[in-house]
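Report on the structure given below.
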Amino acid sequence: MKTKFFFATIAFFASMMPNAMRAAEAKVVVNNADRFQRQEIVEADLAQVCRKAGIKMGDPFVVKNSLGQEVAYQVTYDGKLLIDASVRPAGKAVFSVAPGKPMNMKTVVTGKQYPERVDDIAWENDRTAYRLYGPALQKSGERAFGIDVWLKNTPELEVEQRYNTELSNHKRIQELKSKGKNDEAFQLEIATTYHFDHGNGLDCYKVGPTLGCGAPALMENGRLVMPYCYKEYKILDNGPLRFTVELVYNPAVVNGDRNVVEHRIISLDKGSNFNKMTVWYEGLTRPTDLAAGIVVHQEDTQSMVIGRDFVAYADPTDNPDAQNFQIYVAALFPNGADVTTFLPFEEKVPGAAGHVLGIVKNYQKPVKYTYYAGSAWSKNDVRTMDEWVLRVNTFLNALHNPLKVTIE
């Protein structure tokens, strides 16, 4: 009896202690008002969380779910705490944040520059991968303006290994060809190139002098003024849950303005098919139309869906008869587009028929315009175009009805 009385007394006095004397902890509460399941990365203000939890900014902390299980998180360059939240319909998820040493967190989203491959910047998450082209490629004279798609059917990180395997065998392949051993060279190329699927995906999306998958462009007299390769870059976030890169492009001439500079911030989250794209321009002296969209290839000009606030396309790949699958691509405009349309090329572009676009009329600096662009693969998580359009609309609904995050 004395033992029970002793512990009861301790519990009573502990409950009467001021908050400052108790173990510090903050609660991040995520509410879902929708009638369907939500699974996405949510943001909380890091400074407010730390203040509530009694954590000095920069000190380590742990995040746990309602089961008391530690979960992965990320602190972003712009002061956000990212948590991967699963929230049932009309439900809520509660996460606790307290001082402590966090567990080793698996990186699910990452990217980097590859100077060994003409300054490509490539990034990926657990669904898909992307790349865009840099100064070394522009210097070579090759015309590749837009965003490339690399297909994946695994949640594991694949891009760096693909580059390593491809590039490490180039020299040997050329040696074999120079000795007339073309069959042997071809077999080695098949076994190592990322243009063939080795069980985890491949690169078979055609970009060339187009917007590819979702690049932006200003317009002049109804025509796109194509961006070329980036001039400068800075990686702002690099996993485990989000990748963010900021890019500055070389000056262009648009509607008489001779020094128009594009700025672009791209971010990709764990579990998402869609990159967040924010673009703005310096050097414009007059309102100018701004477009973003998807290249449409001549092998299939029918598989387009043009919505009020999105454009989507089932790309046939660079070899439709041999590949026999589709790459689903889309650009989404949650902040509105004045026009969504198909714009054919006036000049001949090999393999390309035009673009399906969202157009913002009379864009003016220094406004930052945000939209989304992304992809899926018929051999992975989206099997048909109908599924893709459903995913596009579901994502747009989530953007218009964000999960409510509060800090207690």
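We name chains A, B, ... following the order of the structure tokens; residues begin at 1 in each chain, and ligands are numbered from 1 as shown.
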I want to know what sits within 9 Å of stretch 387-396 of chain A, based on only C-alpha atoms, with residues of the same chain fewer than 2 positions away left out; could you give that as a PyMOL selection string? chain A and resi 273-274+305+309-310+312+314+328-334+375-376+382-385+398-401
DSSP on the backbone, alpha helix (DSSP H) only: what residues of stretch 4-163 of chain A does that give? Format it as a ChimeraX atom specification. /A:4-15,46-53,135-140,159-163
For A:Val159, please output as an mmCIF file with N, CA, C and O atoms, in the first residue's frame all residues within 12 Å (counting only C-alpha atoms; exclusion window: fewer than 2 positions along the same chain).
data_model
loop_
_atom_site.group_PDB
_atom_site.id
_atom_site.type_symbol
_atom_site.label_atom_id
_atom_site.label_comp_id
_atom_site.auth_asym_id
_atom_site.auth_seq_id
_atom_site.Cartn_x
_atom_site.Cartn_y
_atom_site.Cartn_z
ATOM 1 N N VAL A 109 14.014 11.166 -51.839
ATOM 2 C CA VAL A 109 14.036 12.166 -52.911
ATOM 3 C C VAL A 109 15.414 12.812 -52.927
ATOM 4 O O VAL A 109 15.906 13.267 -51.881
ATOM 5 N N THR A 110 16.032 12.877 -54.109
ATOM 6 C CA THR A 110 17.372 13.469 -54.186
ATOM 7 C C THR A 110 17.674 13.896 -55.611
ATOM 8 O O THR A 110 16.982 13.519 -56.549
ATOM 9 N N GLY A 111 18.732 14.697 -55.756
ATOM 10 C CA GLY A 111 19.171 15.118 -57.083
ATOM 11 C C GLY A 111 20.539 15.753 -57.020
ATOM 12 O O GLY A 111 21.046 16.092 -55.945
ATOM 13 N N LYS A 112 21.177 15.917 -58.187
ATOM 14 C CA LYS A 112 22.495 16.521 -58.256
ATOM 15 C C LYS A 112 22.810 16.904 -59.698
ATOM 16 O O LYS A 112 22.099 16.515 -60.631
ATOM 17 N N GLN A 113 23.889 17.651 -59.857
ATOM 18 C CA GLN A 113 24.410 17.938 -61.193
ATOM 19 C C GLN A 113 25.372 16.823 -61.597
ATOM 20 O O GLN A 113 26.105 16.282 -60.766
ATOM 21 N N TYR A 114 25.380 16.506 -62.899
ATOM 22 C CA TYR A 114 26.282 15.499 -63.448
ATOM 23 C C TYR A 114 27.168 16.154 -64.503
ATOM 24 O O TYR A 114 26.881 16.084 -65.702
ATOM 25 N N ASP A 120 24.086 17.858 -66.909
ATOM 26 C CA ASP A 120 22.708 17.510 -66.560
ATOM 27 C C ASP A 120 22.466 17.772 -65.080
ATOM 28 O O ASP A 120 23.340 17.533 -64.240
ATOM 29 N N ILE A 121 21.263 18.233 -64.753
ATOM 30 C CA ILE A 121 20.766 18.153 -63.382
ATOM 31 C C ILE A 121 19.626 17.139 -63.402
ATOM 32 O O ILE A 121 18.660 17.297 -64.155
ATOM 33 N N ALA A 122 19.764 16.095 -62.615
ATOM 34 C CA ALA A 122 18.750 15.038 -62.572
ATOM 35 C C ALA A 122 18.286 14.852 -61.139
ATOM 36 O O ALA A 122 19.076 14.969 -60.200
ATOM 37 N N TRP A 123 17.001 14.564 -60.981
ATOM 38 C CA TRP A 123 16.438 14.357 -59.646
ATOM 39 C C TRP A 123 15.343 13.299 -59.724
ATOM 40 O O TRP A 123 14.806 13.017 -60.789
ATOM 41 N N GLU A 124 15.035 12.689 -58.585
ATOM 42 C CA GLU A 124 14.074 11.593 -58.566
ATOM 43 C C GLU A 124 13.425 11.468 -57.199
ATOM 44 O O GLU A 124 13.937 11.941 -56.184
ATOM 45 N N ASN A 125 12.275 10.795 -57.211
ATOM 46 C CA ASN A 125 11.659 10.366 -55.953
ATOM 47 C C ASN A 125 11.286 8.888 -56.093
ATOM 48 O O ASN A 125 11.855 8.180 -56.927
ATOM 49 N N ASP A 126 10.360 8.419 -55.299
ATOM 50 C CA ASP A 126 10.004 7.012 -55.308
ATOM 51 C C ASP A 126 9.072 6.634 -56.453
ATOM 52 O O ASP A 126 8.693 5.461 -56.576
ATOM 53 N N THR A 128 9.237 8.548 -59.936
ATOM 54 C CA THR A 128 9.750 8.873 -61.258
ATOM 55 C C THR A 128 10.986 9.736 -61.138
ATOM 56 O O THR A 128 11.438 10.047 -60.036
ATOM 57 N N ALA A 129 11.561 10.119 -62.285
ATOM 58 C CA ALA A 129 12.796 10.909 -62.300
ATOM 59 C C ALA A 129 12.745 11.903 -63.460
ATOM 60 O O ALA A 129 12.034 11.697 -64.449
ATOM 61 N N TYR A 130 13.531 12.968 -63.327
ATOM 62 C CA TYR A 130 13.543 14.039 -64.325
ATOM 63 C C TYR A 130 14.971 14.545 -64.494
ATOM 64 O O TYR A 130 15.817 14.375 -63.620
ATOM 65 N N ARG A 131 15.201 15.207 -65.625
ATOM 66 C CA ARG A 131 16.466 15.912 -65.791
ATOM 67 C C ARG A 131 16.262 17.104 -66.715
ATOM 68 O O ARG A 131 15.321 17.153 -67.510
ATOM 69 N N VAL A 149 11.982 13.138 -68.911
ATOM 70 C CA VAL A 149 11.380 12.183 -67.979
ATOM 71 C C VAL A 149 12.163 10.881 -68.035
ATOM 72 O O VAL A 149 12.424 10.357 -69.121
ATOM 73 N N TRP A 150 12.528 10.374 -66.879
ATOM 74 C CA TRP A 150 13.107 9.030 -66.765
ATOM 75 C C TRP A 150 12.103 8.159 -66.024
ATOM 76 O O TRP A 150 11.643 8.515 -64.934
ATOM 77 N N LEU A 151 11.799 7.015 -66.604
ATOM 78 C CA LEU A 151 10.789 6.129 -66.039
ATOM 79 C C LEU A 151 11.385 5.222 -64.961
ATOM 80 O O LEU A 151 12.521 4.777 -65.067
ATOM 81 N N LYS A 152 10.571 4.958 -63.933
ATOM 82 C CA LYS A 152 10.957 4.056 -62.851
ATOM 83 C C LYS A 152 9.767 3.185 -62.484
ATOM 84 O O LYS A 152 8.625 3.620 -62.578
ATOM 85 N N THR A 154 10.335 1.326 -59.418
ATOM 86 C CA THR A 154 10.870 0.953 -58.119
ATOM 87 C C THR A 154 10.944 2.203 -57.251
ATOM 88 O O THR A 154 11.221 3.298 -57.759
ATOM 89 N N PRO A 155 10.717 2.074 -55.927
ATOM 90 C CA PRO A 155 10.871 3.237 -55.053
ATOM 91 C C PRO A 155 12.327 3.554 -54.728
ATOM 92 O O PRO A 155 12.619 4.595 -54.135
ATOM 93 N N GLU A 156 13.241 2.678 -55.116
ATOM 94 C CA GLU A 156 14.648 2.886 -54.793
ATOM 95 C C GLU A 156 15.265 3.945 -55.710
ATOM 96 O O GLU A 156 14.820 4.159 -56.838
ATOM 97 N N LEU A 157 16.322 4.589 -55.227
ATOM 98 C CA LEU A 157 17.025 5.614 -56.003
ATOM 99 C C LEU A 157 17.858 4.944 -57.092
ATOM 100 O O LEU A 157 18.662 4.058 -56.803
ATOM 101 N N GLN A 161 23.144 5.529 -60.297
ATOM 102 C CA GLN A 161 23.661 4.253 -60.789
ATOM 103 C C GLN A 161 23.489 4.140 -62.297
ATOM 104 O O GLN A 161 24.361 3.594 -62.996
ATOM 105 N N ARG A 162 22.388 4.656 -62.815
ATOM 106 C CA ARG A 162 22.189 4.618 -64.274
ATOM 107 C C ARG A 162 23.266 5.424 -64.993
ATOM 108 O O ARG A 162 23.819 4.976 -66.004
ATOM 109 N N TYR A 163 23.541 6.610 -64.484
ATOM 110 C CA TYR A 163 24.614 7.411 -65.079
ATOM 111 C C TYR A 163 25.945 6.677 -65.005
ATOM 112 O O TYR A 163 26.698 6.620 -65.989
ATOM 113 N N ASN A 164 26.261 6.140 -63.840
ATOM 114 C CA ASN A 164 27.545 5.459 -63.660
ATOM 115 C C ASN A 164 27.695 4.284 -64.628
ATOM 116 O O ASN A 164 28.754 4.099 -65.254
ATOM 117 N N THR A 165 26.653 3.475 -64.735
ATOM 118 C CA THR A 165 26.712 2.306 -65.612
ATOM 119 C C THR A 165 26.834 2.709 -67.072
ATOM 120 O O THR A 165 27.640 2.153 -67.827
ATOM 121 N N GLU A 166 26.033 3.680 -67.474
ATOM 122 C CA GLU A 166 26.056 4.136 -68.873
ATOM 123 C C GLU A 166 27.411 4.736 -69.239
ATOM 124 O O GLU A 166 28.041 4.346 -70.227
ATOM 125 N N TYR A 194 21.006 3.314 -70.284
ATOM 126 C CA TYR A 194 19.754 3.614 -69.597
ATOM 127 C C TYR A 194 18.610 3.870 -70.575
ATOM 128 O O TYR A 194 17.496 4.199 -70.162
ATOM 129 N N ASN A 200 14.089 -1.899 -63.920
ATOM 130 C CA ASN A 200 13.691 -0.829 -62.999
ATOM 131 C C ASN A 200 13.337 0.469 -63.704
ATOM 132 O O ASN A 200 13.085 1.476 -63.060
ATOM 133 N N GLY A 201 13.307 0.474 -65.048
ATOM 134 C CA GLY A 201 12.930 1.668 -65.781
ATOM 135 C C GLY A 201 13.977 2.079 -66.791
ATOM 136 O O GLY A 201 15.001 1.398 -66.973
ATOM 137 N N LEU A 202 13.730 3.219 -67.464
ATOM 138 C CA LEU A 202 14.611 3.645 -68.554
ATOM 139 C C LEU A 202 14.325 5.080 -68.946
ATOM 140 O O LEU A 202 13.379 5.708 -68.449
ATOM 141 N N ASP A 203 15.132 5.583 -69.884
ATOM 142 C CA ASP A 203 14.916 6.891 -70.492
ATOM 143 C C ASP A 203 14.515 6.669 -71.946
ATOM 144 O O ASP A 203 15.334 6.266 -72.767
#
Which distance in Å separates atom CA of A:Ala373 and atom CA of A:Val295, to one decimal?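 For atom CA of A:Ala373 relative to atom CA of A:Val295, the distance reads 12.2 Å.
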Which residues in stretch 203-305 of chain A does DSSP call strand (DSSP E)? List them as a count of residues only. 65
For A:Lys348, please output as a compact mmCIF listing (two decimals) with N, CA and C atoms, in the first residue's frame all residues within 12 Å (counting only C-alpha atoms; exclusion window: fewer than 3 positions along the same chain).
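File out_6.txt, as written:
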# COMPACT_ATOMS: atom_id res chain seq x y z
N PRO A 209 14.26 20.18 -79.13
CA PRO A 209 13.99 21.62 -79.04
C PRO A 209 12.51 21.89 -78.71
N THR A 210 12.05 21.34 -77.58
CA THR A 210 10.67 21.49 -77.14
C THR A 210 10.65 21.78 -75.63
N GLN A 298 4.53 13.34 -83.04
CA GLN A 298 3.79 13.02 -84.26
C GLN A 298 3.25 11.60 -84.28
N PRO A 344 0.27 23.96 -82.57
CA PRO A 344 1.16 23.22 -83.47
C PRO A 344 2.42 24.02 -83.78
N PHE A 345 3.47 23.31 -84.16
CA PHE A 345 4.69 23.96 -84.59
C PHE A 345 4.47 24.59 -85.96
N GLY A 351 9.90 14.80 -85.37
CA GLY A 351 9.18 13.95 -84.44
C GLY A 351 8.14 14.64 -83.60
N ALA A 352 8.09 15.97 -83.60
CA ALA A 352 7.18 16.70 -82.73
C ALA A 352 6.11 17.43 -83.54
N ALA A 353 4.87 17.39 -83.05
CA ALA A 353 3.76 18.06 -83.74
C ALA A 353 3.44 19.42 -83.15
N GLY A 354 3.74 19.62 -81.88
CA GLY A 354 3.43 20.88 -81.22
C GLY A 354 3.42 20.70 -79.72
